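The next block is model.txt, given as compact mmCIF, N, CA and C atoms.
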```txt
# COMPACT_ATOMS: atom_id res chain seq x y z
N MET P 444 37.59 34.83 -43.62
CA MET P 444 38.72 35.52 -43.05
C MET P 444 39.75 34.50 -42.60
N VAL P 445 40.91 34.57 -43.13
CA VAL P 445 41.98 33.67 -42.75
C VAL P 445 43.03 34.48 -42.02
N GLN P 446 43.42 33.96 -40.87
CA GLN P 446 44.43 34.64 -40.08
C GLN P 446 45.81 34.23 -40.54
N GLU P 447 46.70 35.19 -40.64
CA GLU P 447 48.08 34.91 -41.03
C GLU P 447 48.79 34.16 -39.91
N THR P 448 49.83 33.45 -40.31
CA THR P 448 50.72 32.87 -39.31
C THR P 448 51.96 33.75 -39.24
N ALA P 449 52.57 33.78 -38.09
CA ALA P 449 53.76 34.62 -37.89
C ALA P 449 55.00 33.75 -37.83
N LYS P 450 56.10 34.29 -38.25
CA LYS P 450 57.38 33.61 -38.14
C LYS P 450 57.90 33.79 -36.73
N GLU P 451 58.76 32.84 -36.31
CA GLU P 451 59.37 32.96 -34.98
C GLU P 451 60.07 34.31 -34.85
N GLN P 452 59.99 34.90 -33.68
CA GLN P 452 60.66 36.16 -33.35
C GLN P 452 60.13 37.35 -34.16
N GLU P 453 58.94 37.24 -34.69
CA GLU P 453 58.35 38.33 -35.44
C GLU P 453 57.13 38.84 -34.66
N ILE P 454 57.01 40.13 -34.56
CA ILE P 454 55.86 40.70 -33.87
C ILE P 454 54.62 40.49 -34.73
N PHE P 455 53.54 40.08 -34.09
CA PHE P 455 52.29 39.81 -34.80
C PHE P 455 51.23 40.79 -34.31
N THR P 456 50.49 41.38 -35.21
CA THR P 456 49.36 42.23 -34.85
C THR P 456 48.15 41.81 -35.66
N VAL P 457 46.98 42.00 -35.08
CA VAL P 457 45.74 41.70 -35.78
C VAL P 457 44.63 42.55 -35.16
N ASN P 458 43.69 42.96 -35.97
CA ASN P 458 42.50 43.62 -35.47
C ASN P 458 41.49 42.54 -35.13
N ALA P 459 41.00 42.54 -33.91
CA ALA P 459 40.09 41.49 -33.45
C ALA P 459 38.87 41.34 -34.35
N PHE P 460 38.41 42.43 -34.93
CA PHE P 460 37.20 42.36 -35.76
C PHE P 460 37.46 41.76 -37.13
N SER P 461 38.75 41.56 -37.47
CA SER P 461 39.07 40.91 -38.73
C SER P 461 39.24 39.40 -38.56
N VAL P 462 39.20 38.91 -37.32
CA VAL P 462 39.35 37.48 -37.05
C VAL P 462 37.97 36.82 -37.11
N GLN P 463 37.92 35.67 -37.74
CA GLN P 463 36.67 34.94 -37.93
C GLN P 463 36.01 34.61 -36.60
N VAL P 464 34.70 34.81 -36.53
CA VAL P 464 33.91 34.41 -35.37
C VAL P 464 33.53 32.95 -35.56
N GLU P 465 33.75 32.15 -34.53
CA GLU P 465 33.44 30.72 -34.59
C GLU P 465 32.59 30.35 -33.38
N ASP P 466 31.74 29.34 -33.54
CA ASP P 466 31.06 28.78 -32.38
C ASP P 466 32.11 28.05 -31.55
N LEU P 467 32.00 28.16 -30.22
CA LEU P 467 32.92 27.42 -29.36
C LEU P 467 32.55 25.95 -29.47
N ALA P 468 33.40 25.19 -30.12
CA ALA P 468 33.15 23.77 -30.39
C ALA P 468 33.68 22.92 -29.25
N LYS P 469 33.04 23.04 -28.11
CA LYS P 469 33.44 22.28 -26.94
C LYS P 469 32.18 21.77 -26.26
N ASP P 470 32.17 20.49 -25.88
CA ASP P 470 31.00 19.92 -25.22
C ASP P 470 30.59 20.77 -24.02
N GLY P 471 29.31 21.04 -23.91
CA GLY P 471 28.80 21.81 -22.78
C GLY P 471 28.68 23.30 -23.05
N ALA P 472 29.21 23.77 -24.17
CA ALA P 472 29.10 25.20 -24.52
C ALA P 472 27.80 25.43 -25.28
N GLU P 473 27.11 26.49 -24.92
CA GLU P 473 25.88 26.88 -25.63
C GLU P 473 25.87 28.37 -25.86
N LYS P 474 25.61 28.75 -27.11
CA LYS P 474 25.50 30.17 -27.49
C LYS P 474 26.75 30.96 -27.13
N VAL P 475 27.91 30.37 -27.43
CA VAL P 475 29.19 31.02 -27.16
C VAL P 475 29.96 31.13 -28.47
N ASN P 476 30.37 32.34 -28.80
CA ASN P 476 31.22 32.58 -29.97
C ASN P 476 32.62 32.95 -29.49
N VAL P 477 33.60 32.63 -30.31
CA VAL P 477 34.99 32.91 -29.94
C VAL P 477 35.76 33.39 -31.18
N ARG P 478 36.69 34.29 -30.93
CA ARG P 478 37.67 34.70 -31.94
C ARG P 478 39.03 34.30 -31.38
N TYR P 479 39.74 33.44 -32.10
CA TYR P 479 41.07 32.99 -31.68
C TYR P 479 42.08 34.03 -32.14
N LEU P 480 42.42 34.96 -31.27
CA LEU P 480 43.22 36.12 -31.64
C LEU P 480 44.71 35.82 -31.78
N ILE P 481 45.30 35.20 -30.77
CA ILE P 481 46.73 34.91 -30.79
C ILE P 481 46.95 33.52 -30.18
N ASP P 482 47.76 32.71 -30.87
CA ASP P 482 48.11 31.38 -30.37
C ASP P 482 49.37 30.89 -31.08
N GLU P 483 49.58 29.58 -31.08
CA GLU P 483 50.80 29.00 -31.66
C GLU P 483 51.00 29.42 -33.11
N ARG P 484 49.92 29.59 -33.85
CA ARG P 484 50.02 29.97 -35.26
C ARG P 484 50.73 31.30 -35.45
N HIS P 485 50.75 32.10 -34.40
CA HIS P 485 51.31 33.45 -34.47
C HIS P 485 52.62 33.57 -33.70
N GLY P 486 53.17 32.44 -33.28
CA GLY P 486 54.44 32.44 -32.59
C GLY P 486 54.34 32.45 -31.07
N SER P 487 53.12 32.41 -30.53
CA SER P 487 52.93 32.43 -29.08
C SER P 487 52.79 31.00 -28.58
N HIS P 488 53.85 30.46 -27.99
CA HIS P 488 53.86 29.06 -27.56
C HIS P 488 53.53 28.89 -26.09
N ARG P 489 53.42 29.98 -25.36
CA ARG P 489 53.13 29.89 -23.93
C ARG P 489 51.71 30.32 -23.58
N PHE P 490 51.17 31.27 -24.34
CA PHE P 490 49.85 31.81 -24.00
C PHE P 490 48.99 31.93 -25.24
N ALA P 491 47.69 31.97 -25.00
CA ALA P 491 46.73 32.19 -26.07
C ALA P 491 45.77 33.30 -25.64
N LEU P 492 45.37 34.11 -26.59
CA LEU P 492 44.43 35.19 -26.32
C LEU P 492 43.17 34.94 -27.13
N ARG P 493 42.03 34.94 -26.45
CA ARG P 493 40.73 34.67 -27.07
C ARG P 493 39.76 35.79 -26.74
N LEU P 494 38.84 36.03 -27.64
CA LEU P 494 37.75 36.99 -27.41
C LEU P 494 36.45 36.20 -27.45
N TYR P 495 35.75 36.14 -26.33
CA TYR P 495 34.51 35.38 -26.21
C TYR P 495 33.30 36.30 -26.17
N ALA P 496 32.19 35.83 -26.71
CA ALA P 496 30.89 36.50 -26.57
C ALA P 496 29.87 35.43 -26.22
N VAL P 497 29.24 35.59 -25.07
CA VAL P 497 28.21 34.66 -24.61
C VAL P 497 26.87 35.36 -24.79
N GLU P 498 26.01 34.77 -25.61
CA GLU P 498 24.70 35.35 -25.88
C GLU P 498 23.73 35.05 -24.73
N LYS P 499 22.61 35.74 -24.70
CA LYS P 499 21.59 35.53 -23.68
C LYS P 499 21.21 34.05 -23.64
N GLY P 500 21.19 33.47 -22.44
CA GLY P 500 20.85 32.07 -22.26
C GLY P 500 22.01 31.12 -22.54
N GLY P 501 23.18 31.68 -22.84
CA GLY P 501 24.34 30.85 -23.16
C GLY P 501 25.27 30.67 -21.98
N HIS P 502 26.20 29.72 -22.16
CA HIS P 502 27.20 29.46 -21.12
C HIS P 502 28.38 28.70 -21.71
N THR P 503 29.53 28.89 -21.10
CA THR P 503 30.70 28.09 -21.43
C THR P 503 30.54 26.74 -20.75
N PRO P 504 31.37 25.76 -21.10
CA PRO P 504 31.29 24.47 -20.40
C PRO P 504 31.64 24.63 -18.92
N LEU P 505 31.09 23.76 -18.10
CA LEU P 505 31.55 23.67 -16.71
C LEU P 505 32.89 22.98 -16.80
N ASP P 506 33.95 23.72 -16.53
CA ASP P 506 35.29 23.28 -16.89
C ASP P 506 36.22 23.23 -15.69
N GLU P 507 37.24 22.39 -15.81
CA GLU P 507 38.29 22.25 -14.81
C GLU P 507 39.50 21.66 -15.54
N HIS P 508 40.65 22.32 -15.46
CA HIS P 508 41.82 21.86 -16.19
C HIS P 508 43.09 22.35 -15.52
N ALA P 509 44.22 21.84 -15.98
CA ALA P 509 45.51 22.14 -15.35
C ALA P 509 45.97 23.57 -15.58
N TYR P 510 45.63 24.15 -16.71
CA TYR P 510 46.16 25.48 -17.03
C TYR P 510 45.32 26.59 -16.40
N GLU P 511 46.02 27.63 -15.98
CA GLU P 511 45.35 28.79 -15.41
C GLU P 511 45.01 29.78 -16.52
N HIS P 512 44.11 30.68 -16.22
CA HIS P 512 43.83 31.75 -17.17
C HIS P 512 43.28 32.98 -16.47
N GLN P 513 43.29 34.07 -17.23
CA GLN P 513 42.84 35.36 -16.74
C GLN P 513 41.79 35.90 -17.69
N VAL P 514 40.80 36.58 -17.12
CA VAL P 514 39.67 37.11 -17.90
C VAL P 514 39.52 38.59 -17.61
N TYR P 515 39.23 39.35 -18.66
CA TYR P 515 38.90 40.76 -18.51
C TYR P 515 37.57 40.99 -19.24
N VAL P 516 36.57 41.47 -18.50
CA VAL P 516 35.23 41.68 -19.08
C VAL P 516 35.21 43.02 -19.81
N LEU P 517 34.87 42.96 -21.10
CA LEU P 517 34.81 44.15 -21.95
C LEU P 517 33.44 44.81 -21.94
N SER P 518 32.39 44.00 -22.01
CA SER P 518 31.04 44.57 -22.05
C SER P 518 30.01 43.54 -21.62
N GLY P 519 28.83 44.05 -21.29
CA GLY P 519 27.75 43.18 -20.85
C GLY P 519 27.91 42.77 -19.41
N ARG P 520 27.03 41.86 -19.02
CA ARG P 520 27.07 41.30 -17.67
C ARG P 520 27.01 39.79 -17.77
N GLY P 521 27.61 39.13 -16.81
CA GLY P 521 27.60 37.68 -16.80
C GLY P 521 27.69 37.16 -15.39
N MET P 522 27.66 35.85 -15.29
CA MET P 522 27.76 35.19 -14.00
C MET P 522 28.89 34.17 -14.07
N LEU P 523 29.61 34.02 -12.95
CA LEU P 523 30.69 33.05 -12.84
C LEU P 523 30.30 31.99 -11.83
N ARG P 524 30.23 30.77 -12.29
CA ARG P 524 30.00 29.61 -11.42
C ARG P 524 31.37 29.11 -10.99
N GLN P 525 31.52 28.75 -9.70
CA GLN P 525 32.83 28.40 -9.16
C GLN P 525 32.86 27.03 -8.49
N SER P 526 31.85 26.19 -8.75
CA SER P 526 31.87 24.84 -8.18
C SER P 526 30.97 23.93 -9.02
N LYS P 527 31.15 22.62 -8.84
CA LYS P 527 30.31 21.66 -9.56
C LYS P 527 28.90 21.63 -8.97
N GLU P 528 28.80 21.90 -7.70
CA GLU P 528 27.50 21.92 -7.03
C GLU P 528 26.81 23.26 -7.28
N ALA P 529 25.51 23.25 -7.21
CA ALA P 529 24.76 24.51 -7.31
C ALA P 529 25.14 25.37 -6.11
N GLY P 530 25.36 26.61 -6.35
CA GLY P 530 25.74 27.51 -5.27
C GLY P 530 25.68 28.93 -5.75
N PRO P 531 26.13 29.85 -4.94
CA PRO P 531 26.07 31.25 -5.34
C PRO P 531 26.95 31.51 -6.57
N LEU P 532 26.44 32.36 -7.45
CA LEU P 532 27.17 32.76 -8.64
C LEU P 532 27.76 34.14 -8.41
N LYS P 533 28.92 34.38 -8.97
CA LYS P 533 29.59 35.68 -8.85
C LYS P 533 29.19 36.53 -10.04
N PRO P 534 28.51 37.69 -9.79
CA PRO P 534 28.15 38.56 -10.92
C PRO P 534 29.38 39.28 -11.46
N LEU P 535 29.43 39.43 -12.78
CA LEU P 535 30.53 40.12 -13.45
C LEU P 535 29.98 41.18 -14.38
N GLN P 536 30.76 42.24 -14.56
CA GLN P 536 30.37 43.33 -15.47
C GLN P 536 31.62 43.94 -16.09
N ALA P 537 31.40 44.83 -17.04
CA ALA P 537 32.52 45.47 -17.74
C ALA P 537 33.52 46.04 -16.74
N GLY P 538 34.80 45.77 -16.99
CA GLY P 538 35.87 46.24 -16.13
C GLY P 538 36.34 45.23 -15.11
N ASP P 539 35.55 44.17 -14.86
CA ASP P 539 35.95 43.15 -13.89
C ASP P 539 37.06 42.27 -14.46
N THR P 540 37.92 41.81 -13.59
CA THR P 540 38.98 40.87 -13.96
C THR P 540 38.84 39.62 -13.10
N VAL P 541 39.24 38.50 -13.67
CA VAL P 541 39.12 37.21 -12.98
C VAL P 541 40.41 36.43 -13.20
N PHE P 542 40.94 35.84 -12.13
CA PHE P 542 42.05 34.89 -12.25
C PHE P 542 41.51 33.51 -11.90
N ILE P 543 41.67 32.56 -12.79
CA ILE P 543 41.22 31.19 -12.56
C ILE P 543 42.46 30.31 -12.43
N PRO P 544 42.75 29.85 -11.22
CA PRO P 544 43.95 29.03 -11.03
C PRO P 544 43.77 27.62 -11.62
N SER P 545 44.87 26.91 -11.71
CA SER P 545 44.85 25.52 -12.17
C SER P 545 43.86 24.71 -11.33
N LYS P 546 43.11 23.86 -12.01
CA LYS P 546 42.17 22.92 -11.39
C LYS P 546 40.95 23.57 -10.75
N ALA P 547 40.72 24.86 -10.97
CA ALA P 547 39.53 25.52 -10.40
C ALA P 547 38.33 25.29 -11.33
N VAL P 548 37.24 24.85 -10.77
CA VAL P 548 36.00 24.66 -11.53
C VAL P 548 35.44 26.03 -11.87
N HIS P 549 34.98 26.20 -13.12
CA HIS P 549 34.46 27.50 -13.54
C HIS P 549 33.54 27.37 -14.74
N GLN P 550 32.61 28.31 -14.83
CA GLN P 550 31.70 28.41 -15.96
C GLN P 550 31.16 29.84 -16.02
N PHE P 551 31.14 30.41 -17.23
CA PHE P 551 30.59 31.74 -17.44
C PHE P 551 29.23 31.60 -18.11
N SER P 552 28.27 32.43 -17.69
CA SER P 552 26.94 32.39 -18.28
C SER P 552 26.39 33.81 -18.42
N ASN P 553 25.32 33.91 -19.22
CA ASN P 553 24.70 35.21 -19.47
C ASN P 553 23.19 35.08 -19.41
N GLU P 554 22.57 35.86 -18.55
CA GLU P 554 21.11 35.88 -18.40
C GLU P 554 20.48 37.13 -19.00
N TRP P 555 21.28 38.04 -19.52
CA TRP P 555 20.81 39.34 -19.96
C TRP P 555 20.73 39.43 -21.48
N ASP P 556 20.06 40.46 -21.97
CA ASP P 556 19.86 40.62 -23.41
C ASP P 556 21.15 40.96 -24.15
N GLU P 557 22.01 41.75 -23.54
CA GLU P 557 23.27 42.17 -24.18
C GLU P 557 24.30 41.05 -24.10
N PRO P 558 25.06 40.81 -25.17
CA PRO P 558 26.12 39.79 -25.10
C PRO P 558 27.12 40.10 -23.98
N PHE P 559 27.59 39.05 -23.35
CA PHE P 559 28.63 39.11 -22.32
C PHE P 559 29.95 38.85 -23.03
N VAL P 560 30.81 39.89 -23.13
CA VAL P 560 32.02 39.82 -23.95
C VAL P 560 33.25 39.95 -23.05
N PHE P 561 34.19 39.02 -23.23
CA PHE P 561 35.40 39.08 -22.42
C PHE P 561 36.61 38.55 -23.18
N LEU P 562 37.77 39.08 -22.78
CA LEU P 562 39.05 38.57 -23.26
C LEU P 562 39.53 37.52 -22.28
N CYS P 563 40.19 36.50 -22.80
CA CYS P 563 40.73 35.45 -21.95
C CYS P 563 42.15 35.13 -22.40
N VAL P 564 43.08 35.19 -21.45
CA VAL P 564 44.47 34.79 -21.68
C VAL P 564 44.66 33.46 -20.97
N LYS P 565 45.15 32.47 -21.72
CA LYS P 565 45.31 31.14 -21.16
C LYS P 565 46.73 30.65 -21.36
N GLY P 566 47.21 29.93 -20.37
CA GLY P 566 48.49 29.25 -20.54
C GLY P 566 48.31 28.05 -21.44
N ASN P 567 49.26 27.79 -22.31
CA ASN P 567 49.22 26.61 -23.16
C ASN P 567 49.27 25.37 -22.27
N PRO P 568 48.41 24.40 -22.50
CA PRO P 568 48.40 23.19 -21.66
C PRO P 568 49.76 22.50 -21.57
N THR P 569 50.60 22.62 -22.58
CA THR P 569 51.90 21.96 -22.54
C THR P 569 52.80 22.52 -21.44
N LEU P 570 52.53 23.72 -20.97
CA LEU P 570 53.32 24.30 -19.87
C LEU P 570 53.10 23.54 -18.56
N TYR P 571 51.99 22.80 -18.48
CA TYR P 571 51.61 22.15 -17.23
C TYR P 571 51.81 20.64 -17.28
N GLU P 572 52.46 20.16 -18.34
CA GLU P 572 52.69 18.74 -18.49
C GLU P 572 54.15 18.40 -18.25
N SER P 573 54.39 17.18 -17.79
CA SER P 573 55.77 16.70 -17.67
C SER P 573 56.28 16.39 -19.08
N ASN P 574 57.56 16.20 -19.22
CA ASN P 574 58.14 15.86 -20.53
C ASN P 574 57.54 14.58 -21.10
N ASP P 575 57.24 13.58 -20.25
CA ASP P 575 56.63 12.34 -20.73
C ASP P 575 55.25 12.61 -21.32
N GLN P 576 54.46 13.46 -20.66
CA GLN P 576 53.13 13.77 -21.15
C GLN P 576 53.20 14.56 -22.45
N LYS P 577 54.15 15.49 -22.56
CA LYS P 577 54.27 16.33 -23.75
C LYS P 577 54.52 15.51 -25.00
N SER P 578 55.33 14.47 -24.90
CA SER P 578 55.69 13.71 -26.08
C SER P 578 54.49 12.98 -26.67
N GLY P 579 53.49 12.67 -25.85
CA GLY P 579 52.35 11.93 -26.37
C GLY P 579 51.10 12.75 -26.58
N SER P 580 51.16 14.04 -26.32
CA SER P 580 49.94 14.84 -26.42
C SER P 580 49.93 15.70 -27.67
N ASP P 581 48.73 15.98 -28.13
CA ASP P 581 48.55 16.83 -29.30
C ASP P 581 47.59 17.95 -28.92
N HIS P 582 48.10 19.17 -28.85
CA HIS P 582 47.26 20.31 -28.49
C HIS P 582 47.03 21.20 -29.71
N SER P 583 46.98 20.60 -30.88
CA SER P 583 46.74 21.39 -32.08
C SER P 583 45.30 21.88 -32.13
N ASP P 584 44.40 21.29 -31.36
CA ASP P 584 43.02 21.72 -31.29
C ASP P 584 42.96 23.03 -30.51
N ARG P 585 42.47 24.09 -31.15
CA ARG P 585 42.44 25.40 -30.52
C ARG P 585 41.44 25.47 -29.37
N ASN P 586 40.60 24.48 -29.23
CA ASN P 586 39.57 24.54 -28.21
C ASN P 586 40.05 24.08 -26.84
N TYR P 587 41.33 24.30 -26.55
CA TYR P 587 41.78 23.98 -25.19
C TYR P 587 41.36 25.08 -24.25
N CYS P 588 40.57 26.00 -24.70
CA CYS P 588 40.05 27.07 -23.85
C CYS P 588 38.96 26.52 -23.01
```

As a first step, turn the structure in this file into structure tokens.
Amino acid sequence: MVQETAKEQEIFTVNAFSVQVEDLAKDGAEKVNVRYLIDERHGSHRFALRLYAVEKGGHTPLDEHAYEHQVYVLSGRGMLRQSKEAGPLKPLQAGDTVFIPSKAVHQFSNEWDEPFVFLCVKGNPTLYESNDQKSGSDHSDRNYC
């Protein structure tokens, strides 16, 4: 399945189930699949939309970065880790929403049999860089999630 690219100023639509499922290729991720729904390839230079599925025993990387993002849980149950130290986890379920501000430590995990599925909207990292940083950075890697 190859996703089309959109021209500037053109509305882009796609059915999520037609987008290729990929393993999240990021250090620290285990049993996480992602569909890259909307990003720069489709004319969206400020935000990216991803569909994640975390399988039983899986987790996203323990992450911390400059860009903020928002999560909406579609199905299943999961846990949200909010610090580098071991501590209480926040349970999540279908219908829950999460705002992760810049520089907040976070990790999603799944202990249950059903996949933990959520949408994630992320700001493009270039929005959080100074002009000097932008000129030397390459964010062509879709795994800035």

* Contact residues around Ser552 in chain P with only N, CA and C atoms at 5 Å, ignoring same-chain residues under 4 positions, as a list in words -> Gly501, His502, Gly521 and Met522 of chain P

* Within 5 Å of Ile543 in chain P using only N, CA and C atoms, minus same-chain residues under 2 positions, as a ChimeraX atom specification -> /P:511-513,541,545

If you keep N, CA and C atoms, can you produce a file of those selected residues as a short mmCIF file (atom, residue, chain, number, x, y, z; two decimals), in the coordinates of the input?
```
data_model
loop_
_atom_site.label_atom_id
_atom_site.label_comp_id
_atom_site.auth_asym_id
_atom_site.auth_seq_id
_atom_site.Cartn_x
_atom_site.Cartn_y
_atom_site.Cartn_z
N GLU P 511 46.02 27.63 -15.98
CA GLU P 511 45.35 28.79 -15.41
C GLU P 511 45.01 29.78 -16.52
N HIS P 512 44.11 30.68 -16.22
CA HIS P 512 43.83 31.75 -17.17
C HIS P 512 43.28 32.98 -16.47
N GLN P 513 43.29 34.07 -17.23
CA GLN P 513 42.84 35.36 -16.74
C GLN P 513 41.79 35.90 -17.69
N VAL P 541 39.24 38.50 -13.67
CA VAL P 541 39.12 37.21 -12.98
C VAL P 541 40.41 36.43 -13.20
N SER P 545 44.87 26.91 -11.71
CA SER P 545 44.85 25.52 -12.17
C SER P 545 43.86 24.71 -11.33
#
```

* What does the distance between CA of Ser526 in chain P and atom C of Ala472 in chain P come to in Å, to one decimal place? -> 17.6 Å

* **Which of range 445-583 of chain P fall in helix (DSSP H, G or I), as an NGL selection string** => :P and (459-461 or 483-485 or 568-571 or 574-579)

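Distances here use only N, CA and C atoms; by that measure, the residue among P:Leu532, P:Lys527, P:Arg520, P:Ala491 closest to Asp556 in chain P is P:Arg520.
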
* To do: Once DSSP has gone over the backbone, tell me which residues of chain P are in strand (DSSP E), as a ChimeraX atom specification.
  => /P:465-466,473-481,490-502,512-518,520-524,533-536,540-543,550-552,559-566

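If you look at CA of Glu453 in chain P and CA of Arg484 in chain P, they are 11.8 Å away from each other.
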
* To do: Tell me which of P:Val560, P:Ala537, P:Val514, P:Leu505 sits closest to Gly471 in chain P, counting only C-alpha atoms.
  => P:Leu505

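From CA of Val516 in chain P back to CA of Ala529 in chain P, the distance works out to 23.3 Å.
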
* Write out as number ranges by chain each polymer residue whose atoms come within 6 Å of Leu523 in chain P, counting only C-alpha atoms; drop sequence neighbours fewer than 2 positions from it. => P: 532-533, 550-551

* Counting only C-alpha atoms, the option among P:Val548, P:Asn567, P:Arg524, P:Ser518 closest to Gln536 in chain P -> P:Ser518

* To do: May I have the residues within 7 Å of Leu467 in chain P as a PyMOL selection string, using all atoms listed in the file and disregarding those fewer than 3 positions away in the same chain?
  => chain P and resi 470+472+474-477

* His508 in chain P surroundings by all atoms listed in the file, 6 Å radius, close-in-sequence under 2 positions cut, as a PyMOL selection string -> chain P and resi 506+510+545-547

* Find, counting all atoms listed in the file, the residue in P:Asp539, P:Asp466, P:Asp482, P:Glu557 that gets nearest to Val497 in chain P. => P:Glu557

* Would you mind telling me which residue in P:Phe561, P:Phe460, P:Tyr571, P:Trp555 lies nearest to Arg493 in chain P when using all atoms listed in the file? => P:Phe561

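Residue nearest Gly519 in chain P within the list P:Arg489, P:Thr503, P:Pro558, P:Glu483: P:Pro558 [criterion: smallest interatomic distance, only C-alpha atoms].
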